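The file model33.txt comes next; it holds compact mmCIF, C-alpha atoms.
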# COMPACT_ATOMS: atom_id res chain seq x y z
CA MET A 1 131.52 90.19 150.17
CA LYS A 2 128.28 90.14 148.20
CA THR A 3 128.67 93.85 147.35
CA LYS A 4 132.22 93.23 146.11
CA VAL A 5 131.05 90.37 143.87
CA ILE A 6 128.31 92.56 142.39
CA ALA A 7 130.79 95.38 141.74
CA LEU A 8 133.16 93.01 139.98
CA ALA A 9 130.30 91.66 137.89
CA VAL A 10 129.28 95.17 136.85
CA ILE A 11 132.86 95.95 135.82
CA ALA A 12 133.07 92.70 133.85
CA VAL A 13 129.84 93.48 132.00
CA ALA A 14 131.04 97.00 131.22
CA ILE A 15 134.28 95.62 129.75
CA ILE A 16 132.39 93.09 127.62
CA VAL A 17 130.00 95.76 126.35
CA SER A 18 132.86 98.10 125.47
CA VAL A 19 134.61 95.33 123.55
CA ILE A 20 131.42 94.49 121.64
CA VAL A 21 130.84 98.15 120.77
CA ALA A 22 134.45 98.60 119.66
CA THR A 23 134.42 95.52 117.47
CA SER A 24 130.98 96.14 115.97
CA ALA A 25 131.45 99.85 115.21
CA PRO A 26 132.26 100.47 111.54
CA ALA A 27 135.94 101.01 110.84
CA GLY A 28 136.77 104.49 109.59
CA LEU A 29 138.26 105.31 106.20
CA ARG A 30 139.93 108.71 106.08
CA VAL A 31 139.88 110.48 102.71
CA ALA A 32 141.48 113.78 101.71
CA THR A 33 139.72 115.20 98.67
CA THR A 34 139.99 118.35 96.58
CA THR A 35 137.70 121.28 97.27
CA SER A 36 136.15 121.05 93.79
CA LEU A 37 134.91 117.50 94.44
CA TYR A 38 133.64 118.59 97.85
CA ASP A 39 132.14 122.01 97.00
CA THR A 40 130.13 120.51 94.14
CA GLU A 41 128.66 118.01 96.66
CA LEU A 42 129.75 115.00 94.63
CA TRP A 43 131.06 113.40 97.81
CA ASP A 44 127.69 114.04 99.45
CA ALA A 45 126.23 111.72 96.83
CA LEU A 46 129.00 109.11 97.00
CA GLU A 47 129.49 108.92 100.77
CA PRO A 48 126.21 107.25 101.84
CA ILE A 49 126.40 104.68 99.02
CA PHE A 50 129.91 103.63 100.03
CA GLU A 51 129.15 103.60 103.75
CA GLN A 52 126.06 101.44 103.30
CA GLY A 53 127.80 99.08 100.90
CA TYR A 54 130.89 98.50 103.04
CA GLY A 55 129.74 99.24 106.60
CA VAL A 56 132.35 101.92 107.08
CA ASP A 57 132.44 105.47 108.38
CA LEU A 58 133.82 107.60 105.56
CA GLN A 59 135.69 110.56 107.05
CA ILE A 60 136.23 113.20 104.36
CA THR A 61 138.54 116.21 104.56
CA ALA A 62 138.51 118.80 101.76
CA LYS A 63 141.89 120.35 100.99
CA GLY A 64 143.90 121.60 98.05
CA THR A 65 145.98 118.90 96.36
CA ASP A 66 149.21 119.97 98.05
CA MET A 67 147.72 119.73 101.55
CA ALA A 68 145.82 116.54 100.73
CA LEU A 69 149.04 114.83 99.67
CA GLU A 70 150.80 116.15 102.77
CA LEU A 71 148.11 114.48 104.90
CA GLY A 72 148.75 111.29 102.94
CA GLN A 73 152.50 111.49 103.55
CA ARG A 74 151.97 111.78 107.29
CA GLY A 75 149.49 108.92 107.42
CA ASP A 76 146.69 111.22 108.55
CA VAL A 77 144.49 109.86 105.75
CA ASP A 78 144.21 106.49 104.02
CA VAL A 79 143.27 107.73 100.54
CA VAL A 80 143.65 110.91 98.51
CA THR A 81 141.50 111.94 95.55
CA VAL A 82 143.34 114.77 93.80
CA HIS A 83 143.93 116.36 90.38
CA ASP A 84 147.52 117.43 89.87
CA PRO A 85 149.50 114.83 87.88
CA LEU A 86 152.87 116.43 88.66
CA GLN A 87 152.32 116.47 92.42
CA GLU A 88 150.83 112.98 92.25
CA ALA A 89 153.90 111.69 90.39
CA ALA A 90 156.20 113.21 93.02
CA PHE A 91 154.10 111.65 95.81
CA ILE A 92 154.38 108.24 94.17
CA ALA A 93 158.09 108.58 93.36
CA SER A 94 158.78 109.40 97.02
CA GLY A 95 157.30 106.07 98.08
CA TYR A 96 154.12 107.33 99.74
CA ALA A 97 151.68 105.38 97.56
CA VAL A 98 150.59 101.75 97.24
CA GLU A 99 149.87 100.10 93.90
CA ALA A 100 146.14 99.52 93.50
CA GLU A 101 145.54 95.83 92.86
CA GLY A 102 144.08 95.15 89.44
CA TYR A 103 145.07 98.53 87.99
CA GLY A 104 148.84 98.09 87.65
CA ALA A 105 149.55 101.58 89.00
CA GLU A 106 149.39 103.66 92.15
CA ARG A 107 147.41 106.46 90.49
CA VAL A 108 143.91 105.43 89.34
CA PRO A 109 141.94 108.02 87.31
CA TRP A 110 138.19 107.90 87.90
CA ALA A 111 136.65 111.14 86.60
CA TYR A 112 137.52 114.29 84.69
CA ASN A 113 136.28 117.67 83.57
CA TYR A 114 137.91 120.78 82.17
CA PHE A 115 139.29 124.04 83.45
CA ILE A 116 137.81 127.29 82.18
CA ILE A 117 139.10 130.85 82.20
CA ILE A 118 136.28 133.13 83.30
CA GLY A 119 135.96 136.87 83.74
CA PRO A 120 133.65 139.87 83.45
CA GLU A 121 131.18 139.95 80.57
CA ALA A 122 132.79 143.17 79.33
CA ASP A 123 136.08 141.25 78.95
CA PRO A 124 138.45 144.24 79.27
CA ALA A 125 141.49 142.12 78.34
CA GLY A 126 139.78 140.81 75.19
CA ILE A 127 140.40 137.09 75.79
CA ARG A 128 137.06 135.72 74.56
CA GLY A 129 137.66 132.72 72.27
CA LEU A 130 141.47 132.74 72.60
CA THR A 131 143.61 129.74 73.50
CA PRO A 132 144.47 129.51 77.23
CA GLU A 133 148.03 130.68 76.56
CA GLU A 134 146.90 133.62 74.44
CA ALA A 135 144.33 134.55 77.07
CA PHE A 136 146.92 134.60 79.83
CA GLN A 137 149.27 136.68 77.68
CA ARG A 138 146.54 139.27 77.12
CA ILE A 139 145.66 139.34 80.82
CA GLN A 140 149.31 139.88 81.77
CA GLN A 141 149.86 142.59 79.15
CA MET A 142 146.64 144.45 79.92
CA GLY A 143 147.18 144.00 83.64
CA GLU A 144 150.57 145.69 83.43
CA ASP A 145 149.12 148.49 81.28
CA ASP A 146 146.01 149.11 83.38
CA GLN A 147 145.88 147.38 86.76
CA GLY A 148 142.65 149.16 87.58
CA MET A 149 140.75 147.52 84.74
CA VAL A 150 142.30 144.05 84.51
CA LYS A 151 142.89 141.77 87.47
CA PHE A 152 143.43 138.06 87.90
CA VAL A 153 142.60 136.16 91.09
CA SER A 154 144.58 132.98 91.68
CA ARG A 155 143.84 130.15 94.10
CA GLY A 156 147.41 130.64 95.28
CA ASP A 157 147.24 127.54 97.47
CA ASP A 158 149.28 124.87 95.64
CA SER A 159 146.05 123.07 94.78
CA GLY A 160 145.51 121.17 91.54
CA THR A 161 143.82 124.24 90.09
CA HIS A 162 146.74 126.44 91.10
CA GLY A 163 149.12 123.88 89.57
CA LYS A 164 147.20 124.01 86.29
CA GLU A 165 147.24 127.81 86.34
CA LYS A 166 151.02 127.79 86.79
CA ALA A 167 151.34 125.34 83.90
CA VAL A 168 149.38 127.68 81.61
CA TRP A 169 151.52 130.66 82.60
CA GLU A 170 154.67 128.64 81.85
CA SER A 171 153.24 127.41 78.54
CA ALA A 172 152.44 131.03 77.67
CA GLY A 173 156.15 131.88 78.01
CA TYR A 174 156.33 133.32 81.52
CA ASN A 175 158.46 132.51 84.53
CA TYR A 176 155.63 132.11 86.99
CA THR A 177 157.60 132.98 90.13
CA ALA A 178 159.34 136.03 88.70
CA ASP A 179 156.87 137.41 86.16
CA ILE A 180 153.53 136.60 87.74
CA GLN A 181 153.90 136.04 91.50
CA GLY A 182 156.63 138.65 91.53
CA THR A 183 156.08 141.45 89.01
CA GLY A 184 152.36 140.82 88.60
CA ALA A 185 151.62 140.84 92.32
CA THR A 186 153.76 143.92 92.84
CA ALA A 187 151.91 145.72 90.06
CA GLY A 188 148.62 144.82 91.74
CA TRP A 189 146.81 143.03 88.91
CA TYR A 190 147.70 139.52 90.15
CA ILE A 191 146.00 138.55 93.42
CA GLU A 192 146.49 135.31 95.36
CA ALA A 193 143.42 134.26 97.32
CA GLY A 194 145.04 131.39 99.24
CA SER A 195 141.66 129.66 99.45
CA GLY A 196 139.43 126.99 97.94
CA MET A 197 137.71 127.24 94.59
CA GLY A 198 134.36 128.47 95.85
CA ALA A 199 135.91 131.26 97.90
CA THR A 200 138.21 132.20 95.01
CA LEU A 201 135.24 132.53 92.67
CA ASN A 202 133.53 134.86 95.13
CA ILE A 203 136.67 137.01 95.44
CA ALA A 204 137.07 137.20 91.66
CA ASN A 205 133.42 138.18 91.37
CA GLU A 206 133.81 140.96 93.95
CA LYS A 207 136.88 142.33 92.16
CA ILE A 208 135.37 141.89 88.66
CA ALA A 209 138.45 139.85 87.83
CA TYR A 210 139.53 136.91 85.72
CA THR A 211 140.27 133.52 87.25
CA LEU A 212 140.75 129.85 86.39
CA THR A 213 138.17 127.38 87.63
CA ASP A 214 137.03 123.85 86.96
CA LYS A 215 133.76 123.41 85.08
CA GLY A 216 132.00 121.61 87.91
CA THR A 217 132.51 124.29 90.54
CA LEU A 218 131.62 127.02 88.04
CA LEU A 219 128.27 125.38 87.26
CA VAL A 220 127.44 125.14 90.96
CA TYR A 221 128.33 128.78 91.68
CA GLN A 222 127.35 130.44 88.39
CA GLY A 223 123.96 131.59 89.70
CA ASP A 224 125.75 133.80 92.23
CA LEU A 225 128.38 135.16 89.83
CA ASP A 226 128.52 137.99 87.32
CA LEU A 227 131.48 136.29 85.62
CA VAL A 228 131.21 134.27 82.40
CA SER A 229 133.20 131.61 80.55
CA LEU A 230 135.60 133.23 78.10
CA ALA A 231 138.27 130.65 77.15
CA ASP A 232 137.49 126.96 77.45
CA THR A 233 139.31 125.06 74.70
CA GLY A 234 142.77 123.53 74.62
CA ASP A 235 144.30 120.24 75.71
CA ILE A 236 146.07 121.96 78.60
CA LEU A 237 142.69 122.56 80.27
CA LEU A 238 142.02 118.85 80.83
CA ASN A 239 141.40 118.13 84.53
CA VAL A 240 141.71 114.48 85.60
CA TYR A 241 140.76 113.30 89.09
CA SER A 242 142.68 110.31 90.46
CA VAL A 243 142.52 108.20 93.61
CA ILE A 244 145.69 107.05 95.39
CA ILE A 245 146.08 104.66 98.33
CA CYS A 246 148.46 106.08 100.93
CA LYS A 247 151.24 103.76 102.09
CA ASN A 248 151.18 105.26 105.58
CA GLY A 249 147.41 104.88 105.96
CA SER A 250 145.87 102.56 108.53
CA ASN A 251 143.07 100.91 106.54
CA PRO A 252 144.56 99.61 103.25
CA GLU A 253 141.87 96.99 102.62
CA MET A 254 139.04 99.51 102.79
CA ALA A 255 141.13 101.94 100.73
CA ARG A 256 141.28 99.32 97.96
CA ASN A 257 137.51 98.98 98.22
CA LEU A 258 137.13 102.72 97.63
CA VAL A 259 139.29 102.56 94.50
CA ASP A 260 137.15 99.75 93.09
CA PHE A 261 133.96 101.55 94.15
CA LEU A 262 134.83 104.71 92.23
CA ARG A 263 135.39 102.73 89.04
CA THR A 264 132.25 100.56 89.25
CA PRO A 265 129.69 101.00 86.43
CA LYS A 266 127.08 102.15 88.97
CA ILE A 267 129.24 104.99 90.28
CA GLN A 268 130.55 105.92 86.85
CA ALA A 269 126.92 106.27 85.70
CA LEU A 270 126.18 108.42 88.76
CA ILE A 271 129.09 110.70 87.87
CA ALA A 272 127.88 111.02 84.26
CA GLY A 273 124.48 112.26 85.41
CA PHE A 274 125.54 114.22 88.47
CA GLY A 275 124.30 117.80 88.33
CA VAL A 276 122.48 117.46 85.00
CA PRO A 277 118.94 118.11 86.33
CA GLU A 278 120.05 121.14 88.37
CA TYR A 279 122.61 122.73 86.05
CA GLY A 280 121.73 121.49 82.57
CA GLY A 281 124.96 119.56 82.15
CA PRO A 282 127.30 117.21 84.01
CA LEU A 283 129.74 118.64 86.54
CA PHE A 284 132.15 115.78 85.85
CA TYR A 285 132.59 113.07 83.24
CA PRO A 286 133.17 109.37 84.01
CA TYR A 287 136.56 107.79 83.44
CA ASP A 288 137.54 107.50 79.78
CA PRO A 289 140.91 105.82 79.12
CA ALA A 290 141.31 107.60 75.80
CA ILE A 291 141.17 110.94 77.62
CA CYS A 292 142.35 110.29 81.18
CA GLN A 293 145.46 108.32 80.21
CA LYS A 294 146.92 111.05 78.00
Once you've parsed the file, please lay out its structure as structure tokens.
Amino acid sequence: MKTKVIALAVIAVAIIVSVIVATSAPAGLRVATTTSLYDTELWDALEPIFEQGYGVDLQITAKGTDMALELGQRGDVDVVTVHDPLQEAAFIASGYAVEAEGYGAERVPWAYNYFIIIGPEADPAGIRGLTPEEAFQRIQQMGEDDQGMVKFVSRGDDSGTHGKEKAVWESAGYNYTADIQGTGATAGWYIEAGSGMGATLNIANEKIAYTLTDKGTLLVYQGDLDLVSLADTGDILLNVYSVIICKNGSNPEMARNLVDFLRTPKIQALIAGFGVPEYGGPLFYPYDPAICQK
């Protein structure tokens, strides 16, 4: 009888301990972020500050915008931080987002930088100093004329960067699916990497090719590249990062905390100075309504 009582007591204590551990462990917040924000290590700087401030385990997954939003649709993440306004608008219109309290919208911009067209120093297509549309036209024309000399490597992954690339091709007068993914790929000058920004930069470097990248990732990788910035001006190259709370997420309160956190003066100042000592300039710029709300 005594042995049975002791056994029951042990079980009771184990149950109590498990309940205490479960209730005291920090709740998790699942975030799907773009590879550019992750590869530049910006989230490495943000994560410990948020976790310490809110007592939460921040679980970050780096994906292209398309996949990040798909995770949000399924409820596999609570928040997405992405950079493709068209895909974001479709996500919101389909009812997958929650309006962020105090911001009057589901999509809350919090940082930005710019896209840049880079390529070999020799610049065989002659795009240096051109507008993005003119640069893409020259790459397409020279690629068709001499596939051996001119190549373009695309993310090819439905990421925000890939979405911007497609927008530039369309603005330059091309049907992206037919003229670029179709004819260009068949001719051999247009190559789809199907990978993140860092990997795409390495592939473009190996092939001595042109590509489109965001400024932040380029600064981080430029020491390992033989490619240089060739076309970097034009409104179409603006790259805005936004945070969206997912309706199907499981931690909406903490998700709202993350939105507020990213827009606090402390974090905005961190973003403004992030990367400056190492790379001589910021990888990202803090939120500016005059720019990010265009």
Under the rule of at most 9 Å, produce a per-residue listing of stretch 107-223 of chain A near stretch 85-93 of chain A: chain, number, name, the closest pair of atoms, and the distance in Å, as a Markdown table, using all atoms listed in the file.
| residue | atom | partner | partner_atom | distance |
| --- | --- | --- | --- | --- |
| A:Arg107 | CA | A:Glu88 | CA | 7.6 |
| A:Gly160 | CA | A:Gln87 | CA | 8.3 |
| A:Gly163 | CA | A:Leu86 | CA | 8.4 |
One-decimal distance in Å that lies between atom CA of A:Arg74 and atom CA of A:Asp158: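 Computing the Euclidean distance for atom CA of A:Asp158 and atom CA of A:Arg74 yields 17.7 Å.
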Would you list the contacts of A:Asp39 as a compact mmCIF listing (two decimals) with C-alpha atoms, keeping the file's coordinate frame, taking every protein, DNA or RNA residue within 10 Å and counting only C-alpha atoms, but skipping same-chain residues closer than 6 positions in sequence?
# COMPACT_ATOMS: atom_id res chain seq x y z
CA ALA A 62 138.51 118.80 101.76
CA GLY A 196 139.43 126.99 97.94
CA MET A 197 137.71 127.24 94.59
CA GLY A 198 134.36 128.47 95.85
CA GLY A 216 132.00 121.61 87.91
CA THR A 217 132.51 124.29 90.54
CA VAL A 220 127.44 125.14 90.96
CA TYR A 221 128.33 128.78 91.68
Distance atom CA of A:Tyr112-atom CA of A:Ile127, one decimal place? 24.6 Å
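Atom pair atom CA of A:Glu134 / atom CA of A:Tyr287 has a distance of 29.2 Å (rounded to one decimal).
Across A:Ala199, A:Gly281, A:Leu258, A:Thr161, the tightest approach to A:Glu47 is made by A:Leu258 when counting all atoms listed in the file.
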I'd like to know which of A:Asn205, A:Gly102, A:Gly280, A:Thr40 is closest to A:Arg263, using all atoms listed in the file.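 Looking at the shortest contact to A:Arg263, the residue is A:Gly102.
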Could you pull out every residue with an atom within 6 Å of (143.5, 117.5, 93.4), file coordinates, counting all atoms listed in the file, and send them as a list in words? Thr34, Thr65, Val82, His83, Asp84 and Gly160 of chain A
Stretch 252-258 of chain A: axis-aligned bounding box, 3 Å on each side, centre and edge lengths in Å, one decimal, as lines of an AutoDock Vina configuration file:
center_x = 140.8
center_y = 99.9
center_z = 100.4
size_x = 13.4
size_y = 11.7
size_z = 11.6
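For the residues A:Trp169, A:Tyr241, A:Phe261, A:Tyr285, ranking by smallest atom-to-atom distance to A:Leu37 using only C-alpha atoms places A:Tyr241 first.
For the residues A:Pro132, A:Gly223, A:Gly148, A:Gly188, ranking by smallest atom-to-atom distance to A:Ala167 using only C-alpha atoms places A:Pro132 first.
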Since the input is missing atoms, can you rebuild N, CA and C atoms for stretch 32-50 of chain A and write them as a PDB file, in the frame of the given file?
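The resulting file, out-v3.pdb, is reproduced below:
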ATOM      1  N   ALA A  32     141.225 112.363 101.989  1.00  0.00           N
ATOM      2  CA  ALA A  32     141.480 113.780 101.710  1.00  0.00           C
ATOM      3  C   ALA A  32     141.116 114.017 100.248  1.00  0.00           C
ATOM      4  N   THR A  33     140.214 114.944 100.015  1.00  0.00           N
ATOM      5  CA  THR A  33     139.720 115.200  98.670  1.00  0.00           C
ATOM      6  C   THR A  33     139.899 116.668  98.306  1.00  0.00           C
ATOM      7  N   THR A  34     139.848 116.971  97.031  1.00  0.00           N
ATOM      8  CA  THR A  34     139.990 118.350  96.580  1.00  0.00           C
ATOM      9  C   THR A  34     138.723 119.136  96.881  1.00  0.00           C
ATOM     10  N   THR A  35     138.855 120.449  96.962  1.00  0.00           N
ATOM     11  CA  THR A  35     137.700 121.280  97.270  1.00  0.00           C
ATOM     12  C   THR A  35     136.674 121.257  96.142  1.00  0.00           C
ATOM     13  N   SER A  36     137.110 121.071  94.908  1.00  0.00           N
ATOM     14  CA  SER A  36     136.150 121.050  93.790  1.00  0.00           C
ATOM     15  C   SER A  36     135.226 119.842  93.900  1.00  0.00           C
ATOM     16  N   LEU A  37     135.756 118.684  94.261  1.00  0.00           N
ATOM     17  CA  LEU A  37     134.910 117.500  94.440  1.00  0.00           C
ATOM     18  C   LEU A  37     133.984 117.662  95.630  1.00  0.00           C
ATOM     19  N   TYR A  38     134.430 118.402  96.621  1.00  0.00           N
ATOM     20  CA  TYR A  38     133.640 118.590  97.850  1.00  0.00           C
ATOM     21  C   TYR A  38     132.611 119.709  97.680  1.00  0.00           C
ATOM     22  N   ASP A  39     133.041 120.855  97.132  1.00  0.00           N
ATOM     23  CA  ASP A  39     132.140 122.010  97.000  1.00  0.00           C
ATOM     24  C   ASP A  39     130.991 121.728  96.047  1.00  0.00           C
ATOM     25  N   THR A  40     131.203 120.857  95.068  1.00  0.00           N
ATOM     26  CA  THR A  40     130.130 120.510  94.140  1.00  0.00           C
ATOM     27  C   THR A  40     129.158 119.501  94.734  1.00  0.00           C
ATOM     28  N   GLU A  41     129.483 118.986  95.928  1.00  0.00           N
ATOM     29  CA  GLU A  41     128.660 118.010  96.660  1.00  0.00           C
ATOM     30  C   GLU A  41     128.667 116.626  96.021  1.00  0.00           C
ATOM     31  N   LEU A  42     129.655 116.349  95.179  1.00  0.00           N
ATOM     32  CA  LEU A  42     129.750 115.000  94.630  1.00  0.00           C
ATOM     33  C   LEU A  42     129.976 113.984  95.741  1.00  0.00           C
ATOM     34  N   TRP A  43     130.820 114.332  96.716  1.00  0.00           N
ATOM     35  CA  TRP A  43     131.060 113.400  97.810  1.00  0.00           C
ATOM     36  C   TRP A  43     129.822 113.211  98.683  1.00  0.00           C
ATOM     37  N   ASP A  44     128.944 114.208  98.720  1.00  0.00           N
ATOM     38  CA  ASP A  44     127.690 114.040  99.450  1.00  0.00           C
ATOM     39  C   ASP A  44     126.848 112.927  98.834  1.00  0.00           C
ATOM     40  N   ALA A  45     126.964 112.773  97.519  1.00  0.00           N
ATOM     41  CA  ALA A  45     126.230 111.720  96.830  1.00  0.00           C
ATOM     42  C   ALA A  45     126.923 110.362  96.970  1.00  0.00           C
ATOM     43  N   LEU A  46     128.248 110.363  96.964  1.00  0.00           N
ATOM     44  CA  LEU A  46     129.000 109.110  97.000  1.00  0.00           C
ATOM     45  C   LEU A  46     129.088 108.513  98.409  1.00  0.00           C
ATOM     46  N   GLU A  47     129.218 109.377  99.400  1.00  0.00           N
ATOM     47  CA  GLU A  47     129.490 108.920 100.770  1.00  0.00           C
ATOM     48  C   GLU A  47     128.462 107.916 101.309  1.00  0.00           C
ATOM     49  N   PRO A  48     127.157 108.206 101.265  1.00  0.00           N
ATOM     50  CA  PRO A  48     126.210 107.250 101.840  1.00  0.00           C
ATOM     51  C   PRO A  48     126.171 105.911 101.098  1.00  0.00           C
ATOM     52  N   ILE A  49     126.402 105.925  99.796  1.00  0.00           N
ATOM     53  CA  ILE A  49     126.400 104.680  99.020  1.00  0.00           C
ATOM     54  C   ILE A  49     127.556 103.799  99.460  1.00  0.00           C
ATOM     55  N   PHE A  50     128.739 104.398  99.615  1.00  0.00           N
ATOM     56  CA  PHE A  50     129.910 103.630 100.030  1.00  0.00           C
ATOM     57  C   PHE A  50     129.761 103.131 101.457  1.00  0.00           C
TER      58      PHE A  50
END
